[in-house]
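The structure appears right after this line, and notes come after that.
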Amino acid sequence: MPCRAMQGGSGAGLWAQVPGREPCIAAAASEGKASVAATLRAALCGRLTMSEAAVADTRRLNSKPQDLTDAYGPPSNFLEIDIFNPQTVGVGRARYTSYELRMRTNLPIFKLKESCVRRRYSDFEWLKNELERDSKIVVPPLPGKALKRQLPFRGDEGIFEESFIEERRQGLEQFINKIAGHPLAQNERCLHMFLQEEIIDRNYVPGKVRQ
């Protein structure tokens, strides 16, 4: 049944009730509401009634609410590596700085989901050389060796200056996060040993790690 026009004022004249049907639009109360009237006419005189349209909109909004576990739980896949707590030990040519390396992950490829080891700069050099020899990835550069800082008769602490140690710590952290985040590197035994075993076996047999 077609919509029935109805004369009226500004409010009541906008609608006409047809027996047995949903409300239909009659006419805009003023010229300024012509576009609103056209929009309502399309909604009310089409296949969807006003109540049906409202239900459809509500269904779109009634999605599953996010609980605290979803909002604050760990992501589906994550790998976090922090380098901190530098310590300088030894004297003379046997003096060196080591760093604590802590890893947290839920990736199935890693045997331990949390680990903490201590590594020095030469250990990072070993890892870089192993990956360049056995893997197909492009290994990022390490922070420089700072050879000038190792010259004798310097007026400062050289490579043992706190500012330099912090700069190197940041560079090593960036290096290992790039390496460990690479899917191909994650299959290398040398990376797993570097990240999760207390002592690095330099005589290990290179190979791939299987899940």
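So you can find residues: chains in the structure tokens are A, B, ... in the order shown, residues in each start at 1, and ligands are numbered from 1 in order.
Every protein, DNA or RNA residue with an atom at most 12 Å from Arg133 of chain A, where only C-alpha atoms count and chain neighbours fewer than 3 positions away do not, is listed here: Trp126, Leu127, Lys128, Asn129, Glu130, Lys136, Ile137, Val138, Val139, Ala185, Glu188, Cys190, Pro206 and Gly207 of chain A.
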Among segment 63-174 of chain A, which ones does DSSP assign to alpha helix (DSSP H) (computed from the backbone)? Answer as a ChimeraX atom specification. /A:68-72,121-134,162-174
Written file, previous selection with N, CA, C and O atoms, as a CSV table (one decimal), in the first residue's frame:
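Full text of out_2.csv as output:
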```
chain,number,residue,atom,x,y,z
A,68,LEU,N,39.2,-8.6,30.0
A,68,LEU,CA,40.5,-8.2,30.4
A,68,LEU,C,41.7,-9.1,29.9
A,68,LEU,O,42.8,-8.6,29.6
A,69,THR,N,41.4,-10.4,29.7
A,69,THR,CA,42.4,-11.3,29.2
A,69,THR,C,42.7,-10.9,27.8
A,69,THR,O,43.9,-10.9,27.4
A,70,ASP,N,41.7,-10.5,27.0
A,70,ASP,CA,42.0,-10.1,25.6
A,70,ASP,C,42.7,-8.8,25.5
A,70,ASP,O,43.6,-8.6,24.7
A,71,ALA,N,42.3,-7.9,26.4
A,71,ALA,CA,42.9,-6.5,26.4
A,71,ALA,C,44.3,-6.5,26.9
A,71,ALA,O,45.1,-5.7,26.3
A,72,TYR,N,44.6,-7.2,27.9
A,72,TYR,CA,45.9,-7.1,28.6
A,72,TYR,C,46.8,-8.3,28.5
A,72,TYR,O,47.9,-8.4,29.0
A,121,TYR,N,81.1,-8.7,24.3
A,121,TYR,CA,81.1,-8.3,22.9
A,121,TYR,C,81.6,-9.4,22.0
A,121,TYR,O,81.1,-9.6,20.9
A,122,SER,N,82.6,-10.1,22.4
A,122,SER,CA,83.2,-11.2,21.5
A,122,SER,C,82.2,-12.3,21.3
A,122,SER,O,82.3,-13.0,20.2
A,123,ASP,N,81.2,-12.5,22.2
A,123,ASP,CA,80.2,-13.5,22.0
A,123,ASP,C,79.3,-13.1,20.8
A,123,ASP,O,78.8,-13.9,20.0
A,124,PHE,N,79.0,-11.8,20.8
A,124,PHE,CA,78.1,-11.3,19.7
A,124,PHE,C,78.9,-11.4,18.3
A,124,PHE,O,78.3,-11.7,17.3
A,125,GLU,N,80.2,-11.2,18.4
A,125,GLU,CA,81.0,-11.4,17.2
A,125,GLU,C,80.9,-12.8,16.7
A,125,GLU,O,80.8,-13.1,15.5
A,126,TRP,N,81.0,-13.7,17.6
A,126,TRP,CA,80.9,-15.2,17.3
A,126,TRP,C,79.6,-15.5,16.6
A,126,TRP,O,79.5,-16.2,15.6
A,127,LEU,N,78.5,-15.0,17.2
A,127,LEU,CA,77.2,-15.2,16.6
A,127,LEU,C,77.1,-14.7,15.2
A,127,LEU,O,76.5,-15.3,14.3
A,128,LYS,N,77.5,-13.5,15.0
A,128,LYS,CA,77.5,-12.8,13.7
A,128,LYS,C,78.3,-13.7,12.7
A,128,LYS,O,77.8,-13.9,11.5
A,129,ASN,N,79.4,-14.1,13.0
A,129,ASN,CA,80.2,-14.9,12.1
A,129,ASN,C,79.6,-16.3,11.8
A,129,ASN,O,79.6,-16.7,10.6
A,130,GLU,N,78.9,-16.9,12.8
A,130,GLU,CA,78.2,-18.2,12.5
A,130,GLU,C,77.1,-18.0,11.6
A,130,GLU,O,76.9,-18.8,10.7
A,131,LEU,N,76.3,-17.0,11.8
A,131,LEU,CA,75.1,-16.7,10.9
A,131,LEU,C,75.6,-16.4,9.5
A,131,LEU,O,74.9,-16.8,8.5
A,132,GLU,N,76.6,-15.6,9.3
A,132,GLU,CA,77.1,-15.3,8.0
A,132,GLU,C,77.6,-16.5,7.3
A,132,GLU,O,77.5,-16.6,6.0
A,133,ARG,N,78.1,-17.4,8.0
A,133,ARG,CA,78.7,-18.6,7.4
A,133,ARG,C,77.6,-19.7,7.0
A,133,ARG,O,77.6,-20.3,6.0
A,134,ASP,N,76.6,-19.8,7.9
A,134,ASP,CA,75.7,-21.0,7.8
A,134,ASP,C,74.3,-20.6,7.4
A,134,ASP,O,73.5,-21.5,7.0
A,162,GLU,N,81.5,4.9,31.1
A,162,GLU,CA,80.1,4.5,31.2
A,162,GLU,C,79.3,4.9,30.0
A,162,GLU,O,78.4,4.2,29.6
A,163,SER,N,79.6,6.1,29.4
A,163,SER,CA,78.9,6.6,28.3
A,163,SER,C,79.1,5.6,27.1
A,163,SER,O,78.1,5.3,26.3
A,164,PHE,N,80.3,5.1,26.9
A,164,PHE,CA,80.5,4.2,25.8
A,164,PHE,C,79.9,2.9,26.0
A,164,PHE,O,79.3,2.3,25.1
A,165,ILE,N,79.9,2.4,27.3
A,165,ILE,CA,79.3,1.1,27.6
A,165,ILE,C,77.8,1.2,27.3
A,165,ILE,O,77.2,0.2,26.8
A,166,GLU,N,77.2,2.3,27.7
A,166,GLU,CA,75.7,2.4,27.4
A,166,GLU,C,75.4,2.5,25.9
A,166,GLU,O,74.5,1.9,25.4
A,167,GLU,N,76.3,3.2,25.2
A,167,GLU,CA,76.1,3.3,23.7
A,167,GLU,C,76.2,1.9,23.1
A,167,GLU,O,75.4,1.5,22.2
A,168,ARG,N,77.2,1.2,23.5
A,168,ARG,CA,77.4,-0.2,23.0
A,168,ARG,C,76.2,-1.1,23.4
A,168,ARG,O,75.8,-1.9,22.6
A,169,ARG,N,75.7,-1.0,24.6
A,169,ARG,CA,74.6,-1.8,25.1
A,169,ARG,C,73.4,-1.6,24.2
A,169,ARG,O,72.7,-2.5,23.8
A,170,GLN,N,73.1,-0.3,23.8
A,170,GLN,CA,72.0,0.0,22.9
A,170,GLN,C,72.2,-0.6,21.6
A,170,GLN,O,71.3,-1.2,21.0
A,171,GLY,N,73.4,-0.5,21.0
A,171,GLY,CA,73.7,-1.1,19.7
A,171,GLY,C,73.6,-2.6,19.7
A,171,GLY,O,73.0,-3.2,18.8
A,172,LEU,N,74.1,-3.3,20.8
A,172,LEU,CA,73.9,-4.8,20.9
A,172,LEU,C,72.5,-5.2,21.0
A,172,LEU,O,72.1,-6.2,20.4
A,173,GLU,N,71.7,-4.4,21.7
A,173,GLU,CA,70.3,-4.8,21.9
A,173,GLU,C,69.5,-4.7,20.6
A,173,GLU,O,68.7,-5.5,20.2
A,174,GLN,N,69.8,-3.6,19.8
A,174,GLN,CA,69.2,-3.5,18.5
A,174,GLN,C,69.7,-4.6,17.6
A,174,GLN,O,68.8,-5.2,16.8
```
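Considering the residues A:Ser115, A:Gln211, A:Gln150, A:Thr88 and counting only C-alpha atoms, Leu101 of chain A has its shortest atom-to-atom contact with A:Ser115.
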Might you pull out every residue within 10 Å of Tyr204 of chain A, with only C-alpha atoms counted and same-chain residues fewer than 4 positions away left off, and present them as a PyMOL selection string? chain A and resi 189-190+193+200
Would you mind exporting the chosen residues as a PDB file, in the first residue's frame, restricted to C-alpha atoms?
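That gives us out.pdb:
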```
ATOM      1  CA  ARG A 189      71.289 -23.721  16.442  1.00  0.00           C
ATOM      2  CA  CYS A 190      73.883 -21.018  17.092  1.00  0.00           C
ATOM      3  CA  MET A 193      72.656 -21.530  22.078  1.00  0.00           C
ATOM      4  CA  ILE A 200      78.556 -21.143  24.379  1.00  0.00           C
TER       5      ILE A 200
END
```
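As for atom CA of Arg119 of chain A and atom CA of Val91 of chain A, they are spaced 18.2 Å apart.
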